[in-house]
Structures are given as C-alpha cells and as structure tokens.
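Novice: One file is attached below, target-v9.cif, containing mmCIF, C-alpha atoms.
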data_work
#
loop_
_atom_site.label_atom_id
_atom_site.label_comp_id
_atom_site.auth_asym_id
_atom_site.auth_seq_id
_atom_site.Cartn_x
_atom_site.Cartn_y
_atom_site.Cartn_z
CA MET B 5 48.11 -21.09 9.93
CA LEU B 6 48.90 -24.37 8.15
CA MET B 7 49.59 -27.67 9.85
CA THR B 8 52.39 -29.62 8.09
CA GLY B 9 53.83 -32.72 9.67
CA GLY B 10 52.95 -31.57 13.16
CA SER B 11 54.38 -28.08 12.74
CA ARG B 12 52.63 -24.80 12.07
CA LEU B 13 53.62 -22.61 9.16
CA ASP B 14 52.01 -19.33 8.24
CA GLU B 15 51.81 -18.04 4.69
CA LYS B 16 54.72 -15.64 5.15
CA ASN B 17 56.96 -18.55 6.06
CA ILE B 18 55.79 -20.52 3.03
CA ILE B 19 56.60 -17.58 0.77
CA ALA B 20 60.05 -17.20 2.36
CA LEU B 21 60.79 -20.91 2.03
CA ILE B 22 59.79 -20.91 -1.63
CA LYS B 23 61.88 -17.83 -2.40
CA ASN B 24 64.93 -19.42 -0.78
CA THR B 25 64.44 -22.66 -2.71
CA VAL B 26 63.98 -20.83 -6.01
CA ARG B 27 67.08 -18.73 -5.41
CA LYS B 28 69.19 -21.80 -4.65
CA ASN B 29 67.89 -23.95 -7.51
CA ASN B 30 68.07 -21.15 -10.09
CA TYR B 31 71.87 -21.15 -9.84
CA ASP B 32 72.56 -22.36 -13.38
CA ASN B 33 71.29 -24.59 -16.17
CA ILE B 34 72.36 -27.76 -14.37
CA SER B 35 70.45 -26.97 -11.17
CA ARG B 36 67.34 -25.86 -13.09
CA THR B 37 67.24 -29.00 -15.18
CA GLN B 38 67.54 -31.25 -12.15
CA SER B 39 64.95 -29.26 -10.19
CA TYR B 40 62.36 -29.57 -12.94
CA GLN B 41 63.01 -33.30 -13.29
CA ASP B 42 62.91 -33.98 -9.56
CA PHE B 43 59.62 -32.12 -9.26
CA PHE B 44 58.07 -34.16 -12.07
CA LEU B 45 59.11 -37.40 -10.38
CA ARG B 46 57.35 -36.20 -7.21
CA HIS B 47 54.28 -34.92 -9.08
CA PRO B 48 53.94 -36.66 -12.48
CA GLU B 49 50.57 -34.99 -13.06
CA ILE B 50 52.48 -31.73 -13.70
CA ARG B 51 53.71 -32.74 -17.12
CA TRP B 52 55.14 -29.33 -17.97
CA SER B 53 57.88 -29.92 -15.41
CA PHE B 54 59.27 -32.90 -17.36
CA LEU B 55 58.98 -30.92 -20.60
CA ALA B 56 60.84 -28.03 -18.96
CA SER B 57 63.62 -30.34 -17.79
CA MET B 58 64.14 -31.82 -21.25
CA VAL B 59 64.09 -28.43 -22.97
CA SER B 60 66.47 -27.14 -20.29
CA ARG B 61 68.86 -29.98 -21.18
CA ASN B 62 68.85 -28.70 -24.75
CA ALA B 63 69.57 -25.17 -23.56
CA GLY B 64 72.62 -26.53 -21.75
CA TYR B 65 73.79 -28.29 -24.89
CA CYS B 66 73.40 -25.07 -26.89
CA MET B 67 75.42 -23.19 -24.25
CA THR B 68 78.38 -25.58 -24.32
CA ASP B 69 78.27 -25.74 -28.12
CA LEU B 70 79.52 -22.17 -27.96
CA LYS B 71 82.68 -23.44 -26.24
CA GLY B 72 83.03 -26.39 -28.59
CA VAL B 73 85.47 -26.81 -31.45
CA TRP B 74 83.18 -25.80 -34.30
CA PHE B 75 81.47 -22.74 -32.90
CA GLN B 76 84.79 -21.28 -31.82
CA LYS B 77 85.86 -21.47 -35.46
CA LEU B 78 82.64 -19.87 -36.60
CA LEU B 79 81.90 -17.10 -34.08
CA ASP B 80 84.00 -14.49 -32.33
CA GLU B 81 84.09 -14.43 -28.54
CA LYS B 82 81.82 -11.39 -28.23
CA THR B 83 79.05 -13.03 -30.25
CA ARG B 84 79.38 -16.33 -28.38
CA LYS B 85 79.09 -14.52 -25.05
CA ALA B 86 75.94 -12.70 -26.22
CA LEU B 87 74.39 -15.98 -27.36
CA PHE B 88 75.20 -17.65 -24.05
CA LEU B 89 73.61 -14.81 -22.10
CA THR B 90 70.49 -15.07 -24.26
CA TYR B 91 70.05 -18.74 -23.35
CA GLU B 92 70.94 -18.07 -19.72
CA ASP B 93 68.66 -15.06 -19.25
CA ALA B 94 65.66 -16.72 -20.89
CA ASN B 95 66.00 -19.88 -18.84
CA TRP B 96 66.70 -18.03 -15.60
CA LEU B 97 63.63 -15.83 -16.12
CA ILE B 98 61.34 -18.76 -16.89
CA PHE B 99 62.54 -20.65 -13.81
CA SER B 100 62.11 -17.61 -11.55
CA ASP B 101 58.48 -17.42 -12.64
CA ALA B 102 57.52 -21.08 -13.08
CA TYR B 103 59.27 -22.80 -10.18
CA PRO B 104 57.41 -20.83 -7.48
CA GLN B 105 54.19 -21.95 -9.18
CA LEU B 106 55.28 -25.57 -8.97
CA LEU B 107 56.28 -25.27 -5.33
CA LEU B 108 53.01 -23.57 -4.39
CA TYR B 109 51.15 -26.44 -6.00
CA GLU B 110 53.24 -28.81 -3.87
CA TRP B 111 52.41 -26.82 -0.74
CA SER B 112 48.73 -26.85 -1.74
CA LYS B 113 48.78 -30.64 -1.93
CA THR B 114 50.40 -30.79 1.50
CA ALA B 115 47.85 -28.40 2.97
CA GLY B 116 44.94 -30.09 1.24
CA LYS B 117 43.66 -26.80 -0.10
CA PRO B 118 44.63 -24.35 -2.90
CA LEU B 119 47.16 -21.67 -1.97
CA PHE B 120 47.36 -20.02 -5.37
CA HIS B 121 46.46 -16.59 -4.00
CA LEU B 122 50.09 -16.57 -2.80
CA LEU B 123 51.26 -16.41 -6.43
CA ASP B 124 50.92 -12.64 -6.13
CA ALA B 125 53.99 -12.65 -3.90
CA PHE B 126 55.99 -13.97 -6.87
CA HIS B 127 54.49 -11.59 -9.47
CA VAL B 128 52.96 -14.49 -11.40
CA SER B 129 50.42 -13.47 -14.03
CA ALA B 130 46.71 -13.41 -13.29
CA PHE B 131 46.39 -15.76 -16.25
CA MET B 132 48.35 -18.50 -14.46
CA LYS B 133 46.55 -17.91 -11.16
CA LYS B 134 43.29 -18.68 -12.95
CA GLU B 135 44.79 -21.72 -14.70
CA TRP B 136 46.09 -23.24 -11.44
CA VAL B 137 42.70 -22.86 -9.80
CA LEU B 138 41.12 -24.47 -12.84
CA PHE B 139 43.59 -27.36 -12.67
CA TRP B 140 42.95 -27.85 -8.96
CA GLU B 141 39.23 -28.13 -9.67
CA ARG B 142 39.31 -30.19 -12.87
CA GLY B 143 42.72 -31.88 -13.03
CA ASP B 144 43.16 -31.23 -16.77
CA MET B 145 46.86 -32.04 -17.20
CA GLU B 146 46.99 -31.16 -20.91
CA ARG B 147 45.44 -27.74 -20.42
CA LEU B 148 47.80 -26.86 -17.57
CA MET B 149 50.82 -27.91 -19.62
CA THR B 150 49.66 -25.78 -22.55
CA SER B 151 48.95 -22.84 -20.23
CA LEU B 152 52.46 -22.99 -18.79
CA ILE B 153 53.91 -23.07 -22.32
CA ILE B 154 51.84 -20.00 -23.25
CA ASN B 155 52.94 -18.24 -20.07
CA GLU B 156 56.67 -18.91 -20.38
CA GLN B 157 56.88 -17.78 -24.00
CA HIS B 158 54.95 -14.57 -23.39
CA LEU B 159 57.15 -13.99 -20.35
CA ILE B 160 60.43 -13.89 -22.31
CA GLN B 161 59.10 -12.08 -25.39
CA ILE B 162 59.75 -8.49 -24.30
CA PRO B 163 62.71 -8.69 -21.89
CA VAL B 164 64.72 -11.27 -23.86
CA ILE B 165 63.51 -11.63 -27.45
CA GLU B 166 62.66 -7.96 -27.97
CA GLY B 167 65.21 -6.61 -25.48
CA THR B 168 67.42 -3.96 -27.05
CA VAL B 169 70.73 -5.63 -26.20
CA PHE B 170 69.73 -9.09 -27.40
CA LYS B 171 67.92 -7.80 -30.47
CA ARG B 172 71.06 -6.01 -31.60
CA LYS B 173 73.77 -8.43 -30.50
CA VAL B 174 72.02 -11.74 -31.13
CA PHE B 175 68.81 -11.76 -33.12
CA GLY B 176 70.01 -9.20 -35.64
CA THR B 177 73.31 -10.91 -36.42
CA PRO B 178 73.92 -12.61 -39.79
CA PHE B 179 74.76 -15.86 -37.98
CA PHE B 180 71.45 -16.01 -36.15
CA LEU B 181 69.53 -15.28 -39.35
CA PHE B 182 71.51 -18.02 -41.12
CA GLN B 183 70.97 -20.46 -38.26
CA ASP B 184 67.24 -19.73 -38.15
CA LEU B 185 66.86 -20.05 -41.90
CA PHE B 186 68.57 -23.43 -42.10
CA HIS B 187 67.12 -24.84 -38.88
CA PHE B 188 70.41 -25.38 -37.10
CA SER B 189 68.66 -24.75 -33.78
CA THR B 190 66.84 -27.92 -32.83
CA VAL B 191 65.29 -29.31 -29.64
CA ILE B 192 65.88 -33.05 -29.32
CA PHE B 193 64.90 -35.90 -27.02
CA PRO B 194 67.25 -38.92 -27.07
CA GLY B 195 65.58 -42.31 -27.35
CA GLU B 196 66.75 -45.91 -27.53
CA GLY B 197 69.51 -47.07 -29.84
CA GLY B 198 71.00 -43.62 -30.23
CA ARG B 199 67.98 -42.27 -32.09
CA LEU B 200 67.24 -38.57 -31.70
CA TYR B 201 63.70 -37.22 -31.85
CA GLY B 202 62.48 -33.64 -31.88
CA PHE B 203 61.72 -30.58 -33.91
CA SER B 204 63.61 -27.70 -35.46
CA VAL B 205 63.09 -24.16 -34.20
CA HIS B 206 62.00 -21.96 -37.09
CA ASP B 207 61.55 -18.19 -36.76
CA PHE B 208 62.49 -18.31 -33.08
CA ARG B 209 61.73 -14.64 -32.55
CA LYS B 210 58.00 -15.07 -33.21
CA LEU B 211 55.83 -15.89 -30.23
CA LYS B 212 53.53 -18.16 -32.23
CA SER B 213 56.48 -20.21 -33.51
CA ARG B 214 57.82 -20.86 -30.01
CA ILE B 215 54.40 -21.72 -28.56
CA ARG B 216 53.74 -24.12 -31.42
CA LEU B 217 57.18 -25.65 -30.90
CA GLY B 218 56.49 -26.10 -27.18
CA ARG B 219 53.17 -27.78 -27.85
CA SER B 220 54.69 -30.06 -30.50
CA LEU B 221 57.44 -31.04 -28.09
CA ALA B 222 54.85 -31.75 -25.38
CA TRP B 223 52.93 -33.98 -27.80
CA LEU B 224 56.10 -35.90 -28.62
CA LEU B 225 57.44 -36.17 -25.07
CA PHE B 226 54.27 -37.82 -23.77
CA HIS B 227 53.49 -39.87 -26.86
CA PRO B 228 52.83 -43.40 -25.60
CA ASP B 229 55.26 -44.88 -28.14
CA TYR B 230 58.21 -42.79 -26.94
CA TYR B 231 57.54 -41.51 -23.43
CA GLY B 232 59.16 -44.52 -21.78
CA GLU B 233 62.35 -44.09 -23.80
CA PHE B 234 62.64 -40.40 -22.91
CA LEU B 235 61.97 -41.00 -19.23
CA THR B 236 64.58 -43.78 -19.14
CA PHE B 237 67.15 -41.47 -20.73
CA ALA B 238 66.43 -38.71 -18.24
CA ALA B 239 66.55 -41.06 -15.26
CA LYS B 240 69.88 -42.65 -16.15
CA THR B 241 71.67 -39.65 -17.68
CA VAL B 242 73.12 -37.03 -15.36
CA HIS B 243 72.85 -33.66 -17.07
CA THR B 244 76.30 -32.10 -17.58
CA GLY B 245 75.41 -29.68 -20.38
CA SER B 246 77.71 -31.45 -22.84
CA ARG B 247 76.20 -33.10 -25.90
CA ALA B 248 78.29 -36.12 -24.96
CA ASP B 249 75.43 -36.86 -22.53
CA TYR B 250 73.52 -38.47 -25.39
CA GLU B 251 76.53 -39.49 -27.48
CA PRO B 252 78.16 -42.05 -25.18
CA SER B 253 79.72 -43.91 -28.12
CA SER B 254 81.59 -40.84 -29.33
CA LYS B 255 85.35 -41.24 -28.91
CA GLN B 256 85.99 -37.52 -28.68
CA ARG B 257 84.13 -35.00 -26.52
CA MET B 258 83.42 -32.01 -28.76
CA THR B 259 81.87 -29.80 -26.08
CA PRO B 260 82.87 -29.30 -22.42
CA TYR B 261 80.92 -29.74 -19.20
CA LEU B 262 78.82 -26.63 -18.61
CA ARG B 263 80.18 -25.83 -15.15
CA THR B 264 83.75 -25.91 -16.42
CA ALA B 265 82.86 -23.72 -19.39
CA PHE B 266 80.89 -20.82 -17.90
CA PRO B 267 80.99 -18.85 -14.64
CA PHE B 268 77.99 -18.10 -12.46
CA VAL B 269 75.84 -15.28 -13.88
CA SER B 270 74.22 -12.72 -11.59
CA HIS B 271 70.77 -11.60 -12.75
CA GLN B 272 68.63 -8.56 -12.04
CA LEU B 273 64.87 -9.10 -11.97
CA ASP B 274 62.78 -6.26 -13.43
CA GLU B 275 59.23 -6.98 -12.30
CA LYS B 276 57.71 -4.44 -14.72
CA LYS B 277 59.00 -6.35 -17.75
CA ARG B 278 57.41 -9.57 -16.48
CA LYS B 279 53.87 -8.21 -16.66
CA TRP B 280 52.76 -9.58 -20.00
CA PHE B 281 49.12 -10.46 -19.28
CA HIS B 282 46.62 -7.60 -19.46
CA GLY B 283 43.39 -9.52 -19.92
CA GLN B 284 43.91 -10.20 -23.62
CA PRO B 285 42.10 -13.25 -25.10
CA LEU B 286 44.33 -16.33 -25.32
CA ASP B 287 41.89 -18.96 -26.59
CA ARG B 288 43.65 -19.24 -29.96
CA TRP B 289 46.72 -20.74 -28.31
CA TYR B 290 44.68 -23.77 -27.19
CA ARG B 291 43.46 -24.68 -30.66
CA PRO B 292 44.55 -28.12 -31.90
CA ILE B 293 47.84 -28.19 -33.78
CA PRO B 294 48.62 -30.49 -36.72
CA VAL B 295 50.28 -33.78 -35.83
CA PRO B 296 53.95 -33.43 -36.87
CA GLU B 297 54.97 -35.63 -39.79
CA THR B 298 58.67 -36.07 -39.01
CA ILE B 299 59.95 -36.71 -35.50
CA ASP B 300 63.07 -38.88 -35.97
CA LEU B 301 65.79 -36.34 -36.73
CA THR B 302 68.83 -38.59 -36.35
CA ASP B 303 69.94 -38.63 -40.01
CA TRP B 304 68.84 -35.04 -40.60
CA LEU B 305 70.92 -33.86 -37.64
CA ILE B 306 74.01 -35.60 -38.98
CA LYS B 307 73.52 -33.78 -42.29
CA LYS B 308 73.04 -30.41 -40.59
CA GLU B 309 76.06 -31.01 -38.36
CA ASN B 310 78.20 -31.66 -41.42
CA GLN B 311 76.92 -28.45 -42.99
CA LEU B 312 77.82 -26.54 -39.84
CA HIS B 313 81.31 -28.04 -39.83
CA ALA B 314 81.80 -27.08 -43.47
CA LEU B 315 80.67 -23.54 -42.72
CA ALA B 316 83.05 -23.29 -39.76
CA ILE B 317 86.01 -24.52 -41.80
CA ALA B 318 85.19 -22.09 -44.61
CA ASN B 319 84.90 -19.22 -42.13
CA GLU B 320 88.21 -20.14 -40.53
CA TYR B 321 89.86 -20.17 -43.96
CA VAL B 322 88.42 -16.76 -44.89
CA GLN B 323 89.55 -15.25 -41.58
CA ALA B 324 93.06 -16.64 -42.04
CA LYS B 325 93.26 -15.15 -45.55
CA ARG B 326 92.18 -11.76 -44.26
CA LYS B 327 94.90 -11.78 -41.61
CA LYS B 328 97.51 -12.37 -44.30
CA ILE B 329 96.34 -9.42 -46.38
#
Show this structure as structure tokens.
Specialist:
Amino acid sequence: MLMTGGSRLDEKNIIALIKNTVRKNNYDNISRTQSYQDFFLRHPEIRWSFLASMVSRNAGYCMTDLKGVWFQKLLDEKTRKALFLTYEDANWLIFSDAYPQLLLYEWSKTAGKPLFHLLDAFHVSAFMKKEWVLFWERGDMERLMTSLIINEQHLIQIPVIEGTVFKRKVFGTPFFLFQDLFHFSTVIFPGEGGRLYGFSVHDFRKLKSRIRLGRSLAWLLFHPDYYGEFLTFAAKTVHTGSRADYEPSSKQRMTPYLRTAFPFVSHQLDEKKRKWFHGQPLDRWYRPIPVPETIDLTDWLIKKENQLHALAIANEYVQAKRKKI
C-alpha cells in the first residue's frame, strides 16, 4: 500500500486512476497537446513531454489544413479524411502508450520509489521499462528523451505507417509522394518576431527518418538560444489547432479551429500490434547526429506555401476543365 497525502492507495487503484486520466485526456489533439505541456510544467526534467506537446501542435495544424481553403482545392474529401485519420491514429496511439509512462513517473515521485513494474498493466515495452529504471537511477534527461522518441516511432511503424488501410489510402497516393518529395510536411516551432524554426519531414515512412527528425527537433527545442522563445510561445498561446495560432497578424483565418472542423474519433486498441520490442539491439539510435545547418524556415515556408497554392489553383482549373468535357 502507498501513502499519499494521508490516504492509502494500492497499486490497483493507481492503475485505475491512470487509465481513467489517459482515457479522458486522449480525447483529441487539443487535449493531448495540453496534457503533454501541463505535465512538462510540473516535471521539467521530462523533456520529451514538451517536445511531444510542440509536435502535437503541429499535428493539429496539419489536421485543420485539410479543412482549409487550399487543401480543399487540392484533395478530394475521401483523401482528406484518410489523411486526418492517419494523423489522429498515430497521435492517439502514441499518447495511449506514453502518457501512462509519464503518470507512473509522477506517482513514483509521490511515493518516493520507482513503480515502473506497473508499466506492464499498460502494455508498455520492456525497452521503456528498462529506460525508466535507468533514468530513475541516473537522471539522464537526454537519454530518456531519445528513448521515448525511439519508442514512439517504433510503436506507430506497423499499425499506422505499414497498416494496410493507410498504406493504400495515404502513403501510396500521388499527393503524399509529391508532398514528401518537395518537403511540404514540416514541423515548426514559432519564436519571437514571427520567425518559424524547425525541420522538414523527408521520407516520412522510414523509421530512421522519423527518429532522426525527432532527435533534431529535440536538439532545437532545448537549444539555449531558442528554448526561452519556444516556451514563451507555448505558455501564452492556447492551442486551437488552427495555424492562426502562430500567425496573429494574419487578417484572414485560412484554417478553422480543430474542434469545429472534426468530430470525436473512437479508436480500437489492438495490443498485439503495439508489441514492437523483441530484444533487438537499439544502440545505433543513440549515436550522435549531425548538427542541422538550417533551422530558420520562415522564408522557405513562404516559398513552399506559394508553391502549394499554385498547385491547388492548377488542380482546381484542371478539375473544372474535366467537368466541362
């Protein structure tokens, strides 16, 4: 039995409390983003949680882009729905796995002893159980953040990236191949003066590309020259899912608020597809990565946005011509 604030809680109660909290906070992109950010503010040593909140913001922006002016000109409704579900399923799955880990760490701090054996109740990989114990003993914040990046990207590889439905309806489409080739998918962190920093997602389907992206983003997010700017943005900007969040000077909102654009999505959790770790060596994922050369993407993003607009207008013109024939 654990003593917490004068009350006694057994491990079954802790598991039940965590499951209820995860279920409630995994409602949609907005609730996930806020949950990650709130946790980081309570436990700033868990840097991955801030990274997860900022990447989750970007997922929300990508979702509402699909309901924006330009993507509606470019993609049919069926394709846009499939893309939305890809973002939603990946982010829901990651949260369902990672947030129980965060909460168990919080409970461990309260109890004054590690409770990571309870991760089995949430089907968390043996890899992360070992990494949490290691963090508890050594306090290596960088290693834990990298480990959580490795875990989340392996987690979504089979059920989302290689899933039959998504592979056919999303990752095999000409639009996705075009978007991937020309780096239209980008993760950004807004800084001061309207500047936008981040990296482009290249070859999104490859595990190594996404892990490298996550590690590059982690390096940038906690860079001493920029961390304060990013934290200020997050603290003062309520996440709505619309890109207008970081474009306050824009006179016209080009994408809607997420909760007005999409309904609640019910998910089914297949535990078998979550079991990605089978004792395989993972040391290579911890090797140092090159320091990125370009991080300020403000001007580049304007150029890419103009290219996307031109493509959308051209597609709209072609579709109109076909209807006349």
Novice: Would you kindly return, as a PyMOL selection string, each protein, DNA or RNA residue with an atom no farther than 10 Å from any atom of range 225-229 of chain B, considering all atoms listed in the file and excluding same-chain residues fewer than 5 positions away?
Specialist: chain B and resi 51+54-55+58+192-193+201-202+219-220+234-235
Novice: Given the file shown, determine the residues that the PyMOL selection byres ((chain B and resi 65-81) around 10) selects; report them as a ChimeraX atom specification.
Specialist: /B:33,59-64,82-92,179,189-191,243-249,257-266,309,312-321,323
Novice: Could you check the closest approach to Met132 in chain B for each of B:Arg291, B:Lys279, B:Lys212, B:Lys23 and tell me which residue wins, using all atoms listed in the file?
Specialist: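 Of the candidates, the smallest distance to Met132 in chain B is held by B:Lys279.
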Novice: Which residues match the PyMOL selection byres ((chain B and resi 217) around 10) in the file above, as a PyMOL selection string?
Specialist: chain B and resi 153+191+202-206+208+211-216+218-223
Novice: Using the chain letters and numbers from this file, what does the PyMOL selection byres ((chain B and resi 195) around 8) select? Give the answer as a ChimeraX atom specification.
Specialist: /B:193-194,196-201,230,233-234,237
Novice: Go ahead and save the picked residues with C-alpha atoms, as a PDB file, in the coordinates of the input.
Specialist:
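again_23.pdb, written as the output of this step:
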ATOM      1  CA  PHE B 193      64.900 -35.900 -27.020  1.00  0.00           C
ATOM      2  CA  PRO B 194      67.250 -38.920 -27.070  1.00  0.00           C
ATOM      3  CA  GLU B 196      66.750 -45.910 -27.530  1.00  0.00           C
ATOM      4  CA  GLY B 197      69.510 -47.070 -29.840  1.00  0.00           C
ATOM      5  CA  GLY B 198      71.000 -43.620 -30.230  1.00  0.00           C
ATOM      6  CA  ARG B 199      67.980 -42.270 -32.090  1.00  0.00           C
ATOM      7  CA  LEU B 200      67.240 -38.570 -31.700  1.00  0.00           C
ATOM      8  CA  TYR B 201      63.700 -37.220 -31.850  1.00  0.00           C
ATOM      9  CA  TYR B 230      58.210 -42.790 -26.940  1.00  0.00           C
ATOM     10  CA  GLU B 233      62.350 -44.090 -23.800  1.00  0.00           C
ATOM     11  CA  PHE B 234      62.640 -40.400 -22.910  1.00  0.00           C
ATOM     12  CA  PHE B 237      67.150 -41.470 -20.730  1.00  0.00           C
TER      13      PHE B 237
END
Novice: So which residues touch Phe268 in chain B within 10 Å, counting all atoms listed in the file, skipping near sequence neighbours fewer than 3 positions away, as a list in words?
Specialist: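 These residues fall inside the cut-off: Tyr31, Asp32, Arg263 and His271 of chain B.
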Novice: Within 12 Å of range 106-115 of chain B, counting all atoms listed in the file, which residues qualify if same-chain residues fewer than 5 places away don't, as a PyMOL selection string?
Specialist: chain B and resi 5-15+17-26+29+39-44+46-54+56+99-101+120-126+128+132-133+135-137+139-140+148-149+152
Novice: Using CA of Leu97 in chain B and CA of Pro118 in chain B as the two end points, give the distance in Å to one decimal.
Specialist: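 Computed distance, CA of Leu97 in chain B to CA of Pro118 in chain B, equals 24.7 Å.
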Novice: CA of Ile154 in chain B and CA of Arg288 in chain B, how far apart in Å?
Specialist: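 CA of Ile154 in chain B lies at a distance of 10.6 Å from CA of Arg288 in chain B.
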Novice: Please report, as AutoDock Vina command-line options, the centre and edge lengths in Å to one decimal of an axis-aligned box covering all listed atoms of range 153-159 of chain B with 8 Å per side.
Specialist:
--center_x 54.5 --center_y -18.5 --center_z -22.0 --size_x 21.3 --size_y 25.1 --size_z 19.9
Novice: Find, counting all atoms listed in the file, the residue in B:Lys16, B:Lys117, B:Lys276, B:Arg209 that gets nearest to Glu166 in chain B.
Specialist: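 The answer is B:Arg209, which sits nearest to Glu166 in chain B.
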Novice: Report the distance between CA of Ile98 in chain B and CA of Glu156 in chain B in Å, rounded to one decimal place.
Specialist: 5.8 Å
